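Peer 1: Input protein_15.cif, format and content: mmCIF, C-alpha atoms (C1' of nucleotides).
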data_model
#
loop_
_atom_site.label_atom_id
_atom_site.label_comp_id
_atom_site.auth_asym_id
_atom_site.auth_seq_id
_atom_site.Cartn_x
_atom_site.Cartn_y
_atom_site.Cartn_z
CA MET A 1 -3.15 -33.71 2.50
CA THR A 2 -6.82 -33.10 3.09
CA ASP A 3 -7.47 -29.62 1.97
CA LYS A 4 -10.86 -28.01 1.80
CA LEU A 5 -9.60 -24.54 1.18
CA ASP A 6 -9.14 -23.45 -2.41
CA LEU A 7 -7.99 -19.86 -2.67
CA ALA A 8 -9.61 -19.34 -6.05
CA SER A 9 -13.05 -20.04 -4.64
CA PHE A 10 -12.49 -18.62 -1.16
CA PHE A 11 -14.99 -15.79 -0.79
CA PRO A 12 -12.70 -13.13 0.72
CA TYR A 13 -10.13 -13.79 -1.98
CA ARG A 14 -12.67 -13.63 -4.77
CA LEU A 15 -14.02 -10.39 -3.37
CA ALA A 16 -10.52 -8.89 -3.25
CA GLU A 17 -9.91 -9.98 -6.82
CA LEU A 18 -13.15 -8.43 -8.03
CA GLN A 19 -12.67 -5.26 -6.03
CA GLN A 20 -9.23 -4.74 -7.51
CA ALA A 21 -10.45 -5.28 -11.05
CA ILE A 22 -13.35 -2.85 -10.60
CA SER A 23 -11.17 -0.32 -8.86
CA ASN A 24 -8.55 -0.41 -11.62
CA SER A 25 -11.26 -0.03 -14.19
CA VAL A 26 -12.57 3.14 -12.55
CA ALA A 27 -9.06 4.46 -11.96
CA GLN A 28 -8.47 4.35 -15.70
CA VAL A 29 -11.02 7.12 -15.93
CA TYR A 30 -9.62 9.57 -13.39
CA ALA A 31 -5.95 8.61 -13.10
CA GLY A 32 -4.59 9.00 -16.60
CA ARG A 33 -6.37 11.97 -18.09
CA PHE A 34 -6.96 13.86 -14.87
CA ASN A 35 -3.92 12.80 -12.93
CA LEU A 36 -5.67 12.05 -9.66
CA THR A 37 -4.79 9.40 -7.12
CA ARG A 38 -7.52 7.20 -5.72
CA GLN A 39 -7.42 9.22 -2.50
CA GLN A 40 -7.71 12.52 -4.32
CA TRP A 41 -10.55 11.22 -6.39
CA ARG A 42 -12.44 10.30 -3.24
CA VAL A 43 -11.88 13.72 -1.70
CA LEU A 44 -13.10 15.31 -4.91
CA ALA A 45 -16.17 13.11 -4.97
CA VAL A 46 -17.02 13.87 -1.37
CA LEU A 47 -16.74 17.61 -1.88
CA GLY A 48 -18.66 17.40 -5.13
CA ASP A 49 -21.94 18.23 -3.42
CA GLY A 50 -20.67 21.76 -2.85
CA VAL A 51 -20.86 21.60 0.94
CA HIS A 52 -17.61 22.56 2.65
CA LYS A 53 -16.23 20.04 5.12
CA SER A 54 -13.39 19.66 7.62
CA ALA A 55 -10.53 17.21 7.00
CA LYS A 56 -11.98 15.02 9.71
CA THR A 57 -15.37 14.85 8.06
CA ILE A 58 -13.74 14.07 4.72
CA CYS A 59 -11.71 11.37 6.40
CA GLY A 60 -14.88 9.70 7.62
CA LEU A 61 -16.78 10.03 4.36
CA THR A 62 -13.96 8.76 2.16
CA ASN A 63 -13.01 5.86 4.42
CA LEU A 64 -9.42 6.99 4.12
CA ASP A 65 -6.77 6.97 6.78
CA LYS A 66 -6.18 10.26 8.61
CA MET A 67 -2.80 10.87 6.98
CA GLN A 68 -3.97 9.79 3.55
CA THR A 69 -6.68 12.40 3.83
CA SER A 70 -4.25 15.03 5.05
CA ARG A 71 -1.87 14.32 2.20
CA ALA A 72 -4.53 14.19 -0.49
CA ILE A 73 -5.90 17.54 0.68
CA ALA A 74 -2.41 19.10 0.82
CA LYS A 75 -1.69 18.04 -2.75
CA MET A 76 -5.06 19.23 -4.01
CA LEU A 77 -4.57 22.61 -2.37
CA GLU A 78 -1.17 22.78 -4.04
CA ASN A 79 -2.81 22.00 -7.37
CA GLY A 80 -5.45 24.67 -6.83
CA LEU A 81 -8.36 22.24 -6.70
CA LEU A 82 -9.49 23.15 -3.21
CA SER A 83 -10.13 26.27 -1.15
CA LYS A 84 -9.38 26.31 2.54
CA VAL A 85 -10.87 28.58 5.16
CA THR A 86 -10.21 28.41 8.87
CA ASP A 87 -13.28 27.34 10.77
CA GLU A 88 -14.04 30.32 12.99
CA LYS A 89 -16.04 28.15 15.33
CA ASP A 90 -13.05 25.84 15.88
CA LYS A 91 -9.74 27.32 14.88
CA ARG A 92 -7.97 23.96 14.96
CA SER A 93 -9.74 22.88 11.84
CA ALA A 94 -10.24 24.26 8.36
CA LEU A 95 -13.22 24.01 6.08
CA LEU A 96 -12.44 22.72 2.63
CA SER A 97 -14.38 23.09 -0.57
CA LEU A 98 -13.78 22.79 -4.28
CA SER A 99 -12.23 25.83 -5.97
CA ASP A 100 -13.57 26.94 -9.34
CA LYS A 101 -10.91 24.77 -10.93
CA GLY A 102 -11.95 21.90 -8.69
CA VAL A 103 -15.59 22.30 -9.68
CA VAL A 104 -14.70 22.26 -13.36
CA LEU A 105 -12.61 19.14 -12.87
CA TYR A 106 -15.37 17.46 -10.92
CA ARG A 107 -17.99 18.25 -13.55
CA ASN A 108 -15.70 16.75 -16.16
CA ILE A 109 -14.95 13.58 -14.30
CA GLU A 110 -18.31 12.87 -12.73
CA PRO A 111 -20.20 11.80 -15.87
CA LEU A 112 -17.25 9.69 -17.06
CA VAL A 113 -17.00 7.86 -13.79
CA LEU A 114 -20.74 7.28 -13.61
CA ALA A 115 -20.66 6.01 -17.17
CA ARG A 116 -17.91 3.57 -16.28
CA GLU A 117 -19.92 2.35 -13.32
CA GLN A 118 -22.88 1.71 -15.61
CA GLN A 119 -20.65 0.06 -18.16
CA LEU A 120 -19.50 -2.39 -15.53
CA LEU A 121 -22.90 -2.97 -13.98
CA SER A 122 -24.50 -3.41 -17.37
CA VAL A 123 -23.73 -7.15 -17.33
CA LEU A 124 -26.38 -7.36 -14.63
CA SER A 125 -30.07 -6.74 -15.03
CA LYS A 126 -31.66 -4.00 -12.92
CA SER A 127 -33.04 -6.61 -10.61
CA GLU A 128 -29.68 -8.34 -10.29
CA GLN A 129 -28.08 -5.00 -9.46
CA GLN A 130 -30.58 -4.48 -6.67
CA GLN A 131 -30.05 -8.01 -5.47
CA LEU A 132 -26.30 -7.45 -5.37
CA SER A 133 -26.64 -4.17 -3.55
CA SER A 134 -28.80 -5.80 -0.92
CA LEU A 135 -26.45 -8.76 -0.45
CA MET A 136 -23.52 -6.39 -0.07
CA ALA A 137 -25.38 -4.36 2.54
CA LYS A 138 -26.13 -7.50 4.54
CA LEU A 139 -22.51 -8.59 4.47
CA LEU A 140 -21.15 -5.19 5.41
CA ASP A 141 -23.58 -5.06 8.26
CA ARG A 142 -22.37 -8.49 9.35
CA THR A 143 -18.75 -7.37 9.51
CA HIS A 144 -19.77 -4.46 11.72
CA ARG A 145 -21.52 -6.78 14.14
CA LEU A 146 -18.82 -9.43 14.38
CA MET B 1 -24.34 22.18 -8.19
CA THR B 2 -26.11 19.28 -9.84
CA ASP B 3 -24.50 16.17 -8.52
CA LYS B 4 -25.65 12.69 -9.28
CA LEU B 5 -22.67 10.97 -7.78
CA ASP B 6 -22.83 10.00 -4.16
CA LEU B 7 -19.72 8.20 -3.01
CA ALA B 8 -21.54 6.25 -0.32
CA SER B 9 -23.74 4.58 -2.91
CA PHE B 10 -21.23 4.44 -5.76
CA PHE B 11 -20.76 0.76 -6.52
CA PRO B 12 -16.95 0.66 -6.79
CA TYR B 13 -16.68 2.52 -3.51
CA ARG B 14 -19.13 0.26 -1.73
CA LEU B 15 -17.30 -2.77 -3.04
CA ALA B 16 -13.97 -1.41 -1.76
CA GLU B 17 -15.53 -0.72 1.61
CA LEU B 18 -16.95 -4.23 1.88
CA GLN B 19 -13.78 -5.87 0.64
CA GLN B 20 -11.71 -4.07 3.22
CA ALA B 21 -14.05 -5.04 6.03
CA ILE B 22 -14.10 -8.70 4.99
CA SER B 23 -10.37 -8.75 4.47
CA ASN B 24 -9.68 -7.27 7.90
CA SER B 25 -12.02 -9.78 9.44
CA VAL B 26 -10.13 -12.70 7.91
CA ALA B 27 -6.77 -11.14 8.73
CA GLN B 28 -7.73 -11.18 12.41
CA VAL B 29 -7.53 -14.96 12.14
CA TYR B 30 -4.07 -15.36 10.61
CA ALA B 31 -2.29 -12.11 11.42
CA GLY B 32 -2.34 -11.95 15.20
CA ARG B 33 -1.91 -15.50 16.41
CA PHE B 34 0.09 -16.79 13.47
CA ASN B 35 1.96 -13.67 12.54
CA LEU B 36 1.43 -13.86 8.81
CA THR B 37 1.01 -11.01 6.37
CA ARG B 38 -1.78 -11.12 3.83
CA GLN B 39 0.76 -12.03 1.16
CA GLN B 40 2.26 -14.84 3.21
CA TRP B 41 -1.17 -16.17 4.00
CA ARG B 42 -1.95 -16.37 0.29
CA VAL B 43 1.28 -18.18 -0.47
CA LEU B 44 0.52 -20.62 2.33
CA ALA B 45 -3.00 -21.18 1.04
CA VAL B 46 -1.80 -21.80 -2.50
CA LEU B 47 0.80 -24.33 -1.39
CA GLY B 48 -1.69 -25.98 0.95
CA ASP B 49 -2.63 -28.58 -1.64
CA GLY B 50 0.81 -30.13 -1.25
CA VAL B 51 1.85 -29.59 -4.87
CA HIS B 52 5.16 -27.78 -5.23
CA LYS B 53 5.16 -24.70 -7.42
CA SER B 54 7.54 -22.09 -8.83
CA ALA B 55 7.48 -18.49 -7.63
CA LYS B 56 5.94 -17.52 -10.95
CA THR B 57 3.09 -19.98 -10.57
CA ILE B 58 2.50 -18.78 -7.03
CA CYS B 59 2.50 -15.22 -8.29
CA GLY B 60 -0.29 -16.05 -10.72
CA LEU B 61 -2.37 -18.06 -8.28
CA THR B 62 -2.18 -15.54 -5.47
CA ASN B 63 -2.82 -12.51 -7.64
CA LEU B 64 0.18 -10.88 -6.01
CA ASP B 65 2.77 -8.66 -7.59
CA LYS B 66 6.02 -10.32 -8.64
CA MET B 67 8.06 -8.66 -5.89
CA GLN B 68 5.40 -9.18 -3.24
CA THR B 69 5.55 -12.87 -4.06
CA SER B 70 9.34 -12.89 -4.00
CA ARG B 71 9.43 -11.16 -0.64
CA ALA B 72 6.72 -13.28 0.96
CA ILE B 73 8.55 -16.44 -0.12
CA ALA B 74 11.90 -15.12 1.15
CA LYS B 75 10.45 -14.37 4.57
CA MET B 76 8.67 -17.72 4.77
CA LEU B 77 11.88 -19.56 3.86
CA GLU B 78 13.62 -17.58 6.59
CA ASN B 79 10.90 -18.63 9.04
CA GLY B 80 11.22 -22.25 8.02
CA LEU B 81 7.74 -22.53 6.57
CA LEU B 82 8.83 -23.45 3.06
CA SER B 83 11.25 -25.81 1.37
CA LYS B 84 13.01 -24.80 -1.80
CA VAL B 85 14.49 -27.06 -4.45
CA THR B 86 16.05 -25.95 -7.69
CA ASP B 87 13.98 -27.03 -10.66
CA GLU B 88 16.30 -29.37 -12.56
CA LYS B 89 14.30 -28.85 -15.72
CA ASP B 90 14.80 -25.07 -15.54
CA LYS B 91 17.61 -23.99 -13.29
CA ARG B 92 16.45 -20.39 -13.25
CA SER B 93 13.51 -21.28 -11.09
CA ALA B 94 13.00 -23.12 -7.83
CA LEU B 95 10.14 -25.29 -6.72
CA LEU B 96 8.59 -24.35 -3.43
CA SER B 97 6.52 -26.41 -1.05
CA LEU B 98 5.45 -26.30 2.57
CA SER B 99 7.98 -27.64 5.08
CA ASP B 100 6.74 -29.83 7.93
CA LYS B 101 6.43 -26.70 10.00
CA GLY B 102 4.52 -25.05 7.16
CA VAL B 103 2.12 -27.98 6.89
CA VAL B 104 1.43 -27.87 10.63
CA LEU B 105 0.79 -24.15 10.44
CA TYR B 106 -1.50 -24.58 7.46
CA ARG B 107 -3.51 -27.31 9.13
CA ASN B 108 -3.97 -25.06 12.14
CA ILE B 109 -5.04 -22.01 10.22
CA GLU B 110 -7.16 -23.60 7.52
CA PRO B 111 -10.17 -24.57 9.65
CA LEU B 112 -10.13 -21.23 11.45
CA VAL B 113 -10.13 -19.27 8.24
CA LEU B 114 -12.87 -21.41 6.72
CA ALA B 115 -14.89 -20.96 9.90
CA ARG B 116 -14.50 -17.22 9.65
CA GLU B 117 -15.64 -17.31 6.03
CA GLN B 118 -18.76 -19.22 7.08
CA GLN B 119 -19.32 -16.86 9.98
CA LEU B 120 -19.39 -13.96 7.57
CA LEU B 121 -21.44 -15.66 4.89
CA SER B 122 -23.93 -16.94 7.44
CA VAL B 123 -26.00 -13.74 7.15
CA LEU B 124 -26.93 -15.03 3.72
CA SER B 125 -29.00 -18.08 2.93
CA LYS B 126 -27.43 -20.81 0.81
CA SER B 127 -29.33 -19.59 -2.18
CA GLU B 128 -28.27 -16.01 -1.59
CA GLN B 129 -24.64 -17.16 -1.36
CA GLN B 130 -24.93 -18.84 -4.72
CA GLN B 131 -26.64 -15.81 -6.16
CA LEU B 132 -23.81 -13.60 -4.90
CA SER B 133 -21.16 -15.91 -6.26
CA SER B 134 -22.78 -15.87 -9.65
CA LEU B 135 -23.16 -12.08 -9.72
CA MET B 136 -19.51 -11.69 -8.76
CA ALA B 137 -18.42 -14.03 -11.52
CA LYS B 138 -20.40 -12.05 -14.08
CA LEU B 139 -18.86 -8.78 -12.94
CA LEU B 140 -15.33 -10.14 -12.89
CA ASP B 141 -15.82 -11.50 -16.34
CA ARG B 142 -17.04 -8.08 -17.40
CA THR B 143 -13.89 -6.34 -16.19
CA HIS B 144 -11.80 -8.80 -18.19
CA ARG B 145 -13.72 -8.01 -21.35
CA LEU B 146 -13.74 -4.24 -21.01
"C1'" DG C 1 27.27 -24.27 -32.26
"C1'" DT C 2 27.64 -19.25 -31.79
"C1'" DT C 3 24.93 -14.94 -31.09
"C1'" DA C 4 20.48 -12.57 -29.96
"C1'" DT C 5 16.34 -12.63 -27.39
"C1'" DT C 6 13.41 -13.98 -23.77
"C1'" DT C 7 12.45 -15.41 -19.04
"C1'" DA C 8 12.68 -16.34 -13.60
"C1'" DG C 9 14.03 -14.17 -9.98
"C1'" DT C 10 16.11 -10.53 -7.00
"C1'" DA C 11 18.58 -6.04 -5.75
"C1'" DA C 12 18.47 -1.32 -5.54
"C1'" DC C 13 15.98 2.54 -5.79
"C1'" DA C 14 11.78 5.70 -5.49
"C1'" DT C 15 7.31 6.31 -3.77
"C1'" DA C 16 3.32 5.31 -0.83
"C1'" DT C 17 1.53 4.12 3.47
"C1'" DG C 18 0.88 3.83 8.32
"C1'" DT C 19 2.44 4.98 13.25
"C1'" DT C 20 4.19 7.76 16.85
"C1'" DA C 21 5.22 12.24 18.45
"C1'" DC C 22 4.13 16.78 18.44
"C1'" DT C 23 1.52 21.61 18.15
"C1'" DA C 24 -2.19 24.48 18.84
"C1'" DA C 25 -6.72 25.04 20.04
"C1'" DA C 26 -10.85 23.34 22.47
"C1'" DT C 27 -13.30 21.42 26.30
"C1'" DA C 28 -13.57 19.52 31.13
"C1'" DA C 29 -12.50 19.70 35.99
"C1'" DC C 30 -11.83 22.02 39.82
"C1'" DG D 1 -10.19 31.54 35.73
"C1'" DT D 2 -6.32 28.29 36.10
"C1'" DT D 3 -4.79 23.46 35.17
"C1'" DA D 4 -5.61 18.86 32.97
"C1'" DT D 5 -7.43 16.39 29.21
"C1'" DT D 6 -9.04 15.83 24.67
"C1'" DT D 7 -9.06 16.82 19.75
"C1'" DA D 8 -7.72 18.41 14.61
"C1'" DG D 9 -4.14 18.29 12.01
"C1'" DT D 10 0.70 17.58 10.45
"C1'" DA D 11 5.80 16.28 10.75
"C1'" DA D 12 9.04 12.89 11.21
"C1'" DC D 13 10.02 8.40 11.19
"C1'" DA D 14 9.64 3.30 9.92
"C1'" DT D 15 7.76 0.01 6.90
"C1'" DA D 16 5.52 -1.62 2.67
"C1'" DT D 17 4.99 -1.40 -2.09
"C1'" DG D 18 6.00 -0.98 -6.87
"C1'" DT D 19 9.46 -0.02 -10.80
"C1'" DT D 20 13.70 -0.23 -13.16
"C1'" DA D 21 17.99 -2.48 -13.71
"C1'" DC D 22 20.39 -6.44 -13.42
"C1'" DT D 23 21.98 -11.72 -13.33
"C1'" DA D 24 21.83 -16.21 -14.80
"C1'" DA D 25 19.73 -19.56 -17.38
"C1'" DA D 26 16.72 -20.88 -21.26
"C1'" DT D 27 15.12 -20.69 -25.94
"C1'" DA D 28 15.25 -18.83 -30.80
"C1'" DA D 29 17.69 -17.55 -34.96
"C1'" DC D 30 20.98 -18.16 -37.96
#
Turn this file's structure into structure tokens for me.
Peer 2:
Amino acid sequence: MTDKLDLASFFPYRLAELQQAISNSVAQVYAGRFNLTRQQWRVLAVLGDGVHKSAKTICGLTNLDKMQTSRAIAKMLENGLLSKVTDEKDKRSALLSLSDKGVVLYRNIEPLVLAREQQLLSVLSKSEQQQLSSLMAKLLDRTHRL
Amino acid sequence: MTDKLDLASFFPYRLAELQQAISNSVAQVYAGRFNLTRQQWRVLAVLGDGVHKSAKTICGLTNLDKMQTSRAIAKMLENGLLSKVTDEKDKRSALLSLSDKGVVLYRNIEPLVLAREQQLLSVLSKSEQQQLSSLMAKLLDRTHRL
DNA sequence: GTTATTTAGTAACATATGTTACTAAATAAC
DNA sequence: GTTATTTAGTAACATATGTTACTAAATAAC
């Protein structure tokens, strides 16, 4: 059987493998201690700049599915991490922002997550990191144009 | 609010974004026409070398969860893509291989999937591809040692 | 060689995810 | 300004996923 495909060296597979490992590594930071799901962490991160946003905007910024966003927000409201105010300019949607509790949580997690990122990237030199970032941008762009 | 984290440029997030885009792109090849799930595609790919393997071995090689592997195999047996023979050396496990139908399917998909991989990677020069591969290996290694 | 422990695999359950259908408000069409 | 269409968000359903509990066979311990 002539077989040129080897899963272990197939680029999409290798990327998935790496992504999962990196993702798990970061989740260790926010999941255990702070009891957040990946979705909730993303919502938190996106609201971390202090600018209130609609669910739709959050959905776009987090790259999450519509319902995943809706559910993450619902749970975070329940846990008192978010504040919700009806958008007076469009009463179908609500503007969400971090509550005081949410801000405290974010300020706790943020440095830990950034530290973990650095910890992971530290196997690469600064120039390698830039190289990687640029290669990733090219590839992502490619998928958009295919 | 001082905020040094920006999700859009956070490495783990960018990697997840890219991985998903690449993965979807490859899935277009095997999912629609050939009606395979991602899990089934991986099982197929891993058995494509013609060497029969136990479910456990497949589980390891595909990086799939135990039950995902079990279910993918069950469905593929049902669809006549695999053959199953009890391992006489260890009667708890069975050895799986592609059936004739499975081999035909594999031979059809393989070149298409490899072509898609090349199509995606073609935004990068050969040397950039090697660079990327090497950076990914370093990072993966890092996650194992953390 | 009998009993205790480990292992491959699956079933049954609980949870997560995605899709389709709906509600309420906004905008477009006349 | 009334009716038709689009949009933000969620509920209800169907499917996918992961975990715990089990079965049957293997290996380890005595």
Peer 1: Since I can't run it myself right now, could you work out what the PyMOL selection byres ((chain A) within 12 of (chain D)) selects here and report it as a list of chain:residue names?
Peer 2: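 Output of the PyMOL selection byres ((chain A) within 12 of (chain D)): A:Ser54, A:Ala55, A:Lys56, A:Thr57, A:Cys59, A:Lys66, A:Met67, A:Gln68, A:Thr69, A:Ser70, A:Arg71, A:Ile73, A:Ala74, A:Thr86, A:Asp87, A:Asp90, A:Lys91, A:Arg92, A:Ser93, A:Ala94, A:Leu95.
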Peer 1: The selected residues should be written to file as an mmCIF file, in the frame of the given file (atoms: C-alpha atoms).
Peer 2:
data_model
loop_
_atom_site.group_PDB
_atom_site.id
_atom_site.type_symbol
_atom_site.label_atom_id
_atom_site.label_comp_id
_atom_site.auth_asym_id
_atom_site.auth_seq_id
_atom_site.Cartn_x
_atom_site.Cartn_y
_atom_site.Cartn_z
ATOM 1 C CA SER A 54 -13.390 19.660 7.620
ATOM 2 C CA ALA A 55 -10.530 17.210 7.000
ATOM 3 C CA LYS A 56 -11.980 15.020 9.710
ATOM 4 C CA THR A 57 -15.370 14.850 8.060
ATOM 5 C CA CYS A 59 -11.710 11.370 6.400
ATOM 6 C CA LYS A 66 -6.180 10.260 8.610
ATOM 7 C CA MET A 67 -2.800 10.870 6.980
ATOM 8 C CA GLN A 68 -3.970 9.790 3.550
ATOM 9 C CA THR A 69 -6.680 12.400 3.830
ATOM 10 C CA SER A 70 -4.250 15.030 5.050
ATOM 11 C CA ARG A 71 -1.870 14.320 2.200
ATOM 12 C CA ILE A 73 -5.900 17.540 0.680
ATOM 13 C CA ALA A 74 -2.410 19.100 0.820
ATOM 14 C CA THR A 86 -10.210 28.410 8.870
ATOM 15 C CA ASP A 87 -13.280 27.340 10.770
ATOM 16 C CA ASP A 90 -13.050 25.840 15.880
ATOM 17 C CA LYS A 91 -9.740 27.320 14.880
ATOM 18 C CA ARG A 92 -7.970 23.960 14.960
ATOM 19 C CA SER A 93 -9.740 22.880 11.840
ATOM 20 C CA ALA A 94 -10.240 24.260 8.360
ATOM 21 C CA LEU A 95 -13.220 24.010 6.080
#
Peer 1: Identify every residue of chain B that has at least one atom within 6 Å of any atom of chain A, counting all atoms listed in the file, and report the result as a list in words.
Peer 2: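 Matching residues, ligands excluded from the count: Ala16, Leu18, Gln19 and Leu140 of chain B.
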Peer 1: Selected residues, C-alpha atoms, written as a PDB file, keeping the file's coordinate frame, please.
Peer 2:
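So again37.pdb came out as:
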ATOM      1  CA  ALA B  16     -13.970  -1.410  -1.760  1.00  0.00           C
ATOM      2  CA  LEU B  18     -16.950  -4.230   1.880  1.00  0.00           C
ATOM      3  CA  GLN B  19     -13.780  -5.870   0.640  1.00  0.00           C
ATOM      4  CA  LEU B 140     -15.330 -10.140 -12.890  1.00  0.00           C
TER       5      LEU B 140
END
Peer 1: For a test of reading the model, state the distance in Å between atom CA of B:Arg38 and atom CA of B:Ile109, rounded to one decimal.
Peer 2: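 Spanning atom CA of B:Arg38 to atom CA of B:Ile109 is a straight-line distance of 13.0 Å.
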Peer 1: What separation in Å, quoted to one decimal, exists between atom CA of B:Thr37 and atom CA of B:Met76?
Peer 2: 10.3 Å
Peer 1: Would you mind reading off the distance between atom CA of A:Ala31 and atom CA of A:Ser125, one decimal, in Å?
Peer 2: 28.7 Å
